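Below is one structure, written out as structure tokens; the observations come after it.
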Amino acid sequence: MKKGFLVLFFAFIGTFSAFGQELQPHTCGNAQDQTDFLPRLRENKIVMEAMRAAAADRGETKYVPIHFHLVADAAGNGRHKEIRVLEQLCKLNASYLPVGIQFYLSAHPTHGLFDKSIDNDKIYSEQTNTLVMNLRRHNNAVNVYVVEAAVSGNGGSGITLAYYHTQHDWVVSRKDQINGSSPNWVIPHEVGHFFSLPHTFFGYESESFAPGSTGWPTAPVLAPNNDGTTTERQNATNCATSADEICDTPPDYNFGYIASSCANYTGGAKDPLGTLVNPMENNYMGYFSSCSTYTFTQDQIDIMNADLNHSSRNYLDNTFAPDATEINTPTTIHVSPAAGQTVDYYDNVLLEWDAVPGATHYLIDMDIISTFGTQYAQTFIETGTSKLMTTLLPNRTYYFRIKPFNYLVGCADFRTRNFKTPGFSATNEIEGLSAWQLSPNPVSGDHANLSISAEEAFEAGIRITDAAGRTVSFQQGLKFPQGESIHEIHTEGLANGLYFVSLESGNGRNVRKMSVLR
């Protein structure tokens with residue numbers, strides 16, 4: 001990913017602060033924050049020109065690892081759903097496809113594909129516990145912390161939707177902004193900051209230029225942030241040194257703050273030379289909301305690629321090549337239980353589904369309502385095609401949905417099915433059985449012994465299932481006498497791993513775990 005000539009340029013600039021995105025007002029850091037950020041942008045502009053001169057591979061797709069931390073409060077409540085993250089990944093990649101950058105899920109070496117280990121009010125509501133955030137960060141990925149309230153620490157009175165913190169090099173987002181909505185603007189905007197892009201209205205973060213502003217309708221030569229930033233002119237004669245210092249983004253004096261939509265700006269503001277200003281409403285780095293589509297300019301695209309190619313971003317570089325296969329979820333993906341079926345037991349339900357081409361994982365959501373929002377909701381990430389459920393409630397209708405995905409592709413539809421649980425347990429005691437034991441355990445040979453103690457004779461079957469709930473052997477109609485007896489079960493051909501041995505009769509079922517370790 002990195003190009004050798006880039007190491008000749010200056011090191012990554014270490015001036016830090018927070019960039020945020022807020023509505024009413026759209027406060028995103030303060031003027032000094034943005035000014036401190038400019039050296040990094042300027043260095044990337046130099047790199048951009050060098051890459052263009054060298055005809056660097058603009059058309060090559062660069063894959064960037066990303067990791068989502070799903071934060072809950074101290075009681076473990078409020079954590080965002082993995083399915084929404086997959087939908088956000090889909091939209092983020094659609095936004096960055098023209099940039100030549102695609103993001104893929106990178107598993108944390110300790111906390112898995114999605115980090116669900118943070119239960120902390122000081123992160124969930126305000127992000128003041130940066131010690132824990134640092135301890136949980138993925139050292140080789142873009143880190144996104146998904147929280148209830150995103151607080152950038154800039155003292156603004158607005159509602160922060162998300163922000164990028166340069167000191168810690170992470171993105172924080174309110175959980176309601178992590179979704180598959182269209183248009184999808186907030187997270188692509190913050191990732192733009194991650195790759196060094198300022199706002200298109202740089203210099204006007206503290207206030208927009210509107211009727212009532214000093215000098216209206218002619219904008220001042222110096223922007224109101226009082227940091228020496230000059231106001232960009234419509235004719236672009238000072239574009240390289242004013243505002244965001246990107247010449248193919250036209251002037252914007254934070255008009256999005258006062259706009260009610262993404263309609264063409266007709267407010268009448270003029271630049272310092274008296275020319276009417278025509279901003280780019282649908283630029284990702286502006287603040288116009290509800291645009292039907294958003295875009296980056298070519299300069300912005302090249303600057304982000306320059307930032308990614310900088311040696312300071314080498315921690316994102318690896319040799320992983322994610323599978324870009326499109327995933328289509330068949331309408332018939334469910335195998336069992338059948339739609340509407342009442343299963344045999346409420347605490348022994350085997351969910352099965354078909355493998356889907358391109359999928360490496362399957363997200364399974366389970367709940368007692370079809371919107372999957374109750375306290376009984378459960379989520380599982382599986383790599384196989386079955387899941388044994390042992391914690392369901394009796395006499396309920398359950399809904400479960402399946403969404404196939406892989407590390408890069410989260411866009412596949414999910415499919416939902418329901419079934420019913422009875423009042424019968426799979427672990428009712430077998431009448432006549434007083435005790436039983438499995439030995440040796442772990443099993444190292446080709447058989448194990450069941451030692452049975454029965455108060456009276458009974459008939460039962462012996463079933464062996466693997467950890468996914470698949471039956472690997474079943475002996476039926478076995479007779480066990482009153483008193484002590486030993487029954488041999490054969491384990492030859494079983495791979496090392498965890499299994500379940502169950503005695504099953506017409507009125508009950510007893511289960512023991514069995515490990516095979518040779």
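Scheme for the structure tokens: letters A, B, ... for chains in order shown; per-chain residue numbers from 1; ligand numbers from 1 in order shown.
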
Show which residues sit within 6 Å of Thr218 in chain A, as a list in words. Count only C-alpha atoms, and ignore same-chain residues fewer than 5 positions away. Lys270, Asp271, Pro272 and Gly274 of chain A

So which residues of range 58-264 of chain A fall under strand (DSSP E) by DSSP, listed as a PyMOL selection string? chain A and resi 62-70+101-105+142-147+159-165+170-174

Give me, as a list in words, all polymer residues having an atom no more than 8 Å from range 486-491 of chain A, counting only C-alpha atoms and skipping those fewer than 2 positions away in the same chain. Gly445, Asp446, His447, Ala448, Asn449, Leu450, Ser451, Ile452, Glu484, Gly493 and Leu494 of chain A

Kindly assemble as a Markdown table a list of the range 108-221 of chain A residues that lie within 10 Å of range 278-282 of chain A, each paired with its nearest atom pair and their distance in Å to one decimal, using only C-alpha atoms, sorted first by chain and then by ascending residue number.
```
| residue | atom | partner | partner_atom | distance |
| --- | --- | --- | --- | --- |
| A:Trp185 | CA | A:Asn282 | CA | 9.7 |
| A:Thr200 | CA | A:Met280 | CA | 8.6 |
| A:Phe201 | CA | A:Pro279 | CA | 9.3 |
```

Store the residues picked out above, limited to N, CA and C atoms, as an mmCIF file, in the first residue's frame.
```cif
data_model
loop_
_atom_site.group_PDB
_atom_site.id
_atom_site.type_symbol
_atom_site.label_atom_id
_atom_site.label_comp_id
_atom_site.auth_asym_id
_atom_site.auth_seq_id
_atom_site.Cartn_x
_atom_site.Cartn_y
_atom_site.Cartn_z
ATOM 1 N N TRP A 185 -23.968 10.195 5.788
ATOM 2 C CA TRP A 185 -23.046 11.321 5.702
ATOM 3 C C TRP A 185 -22.125 11.440 6.911
ATOM 4 N N THR A 200 -15.122 22.281 4.623
ATOM 5 C CA THR A 200 -15.119 23.193 3.476
ATOM 6 C C THR A 200 -15.297 24.641 3.932
ATOM 7 N N PHE A 201 -15.863 24.831 5.126
ATOM 8 C CA PHE A 201 -16.111 26.189 5.646
ATOM 9 C C PHE A 201 -15.084 26.567 6.712
#
```

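Secondary structure from DSSP on the backbone puts helix (DSSP H, G or I) at the following positions of range 313-439 of chain A: Arg313, Asn314, Tyr315 and Leu316 of chain A.
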
Near-Cys291 in chain A list (10 Å; only C-alpha atoms; drop same-chain fewer than 6 positions) as a list in words: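 Listed by chain and then number, they are Ser182, Pro183, Asn184, Trp185, Ser261, Cys262, Ala263, Glu281, Asn282, Asn283 and Tyr284 of chain A.
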
Give me the residues within 7 Å of Arg463 in chain A as a PyMOL selection string, counting only C-alpha atoms and dropping any in the same chain fewer than 2 places off. chain A and resi 461+465+471+473-475+501-503
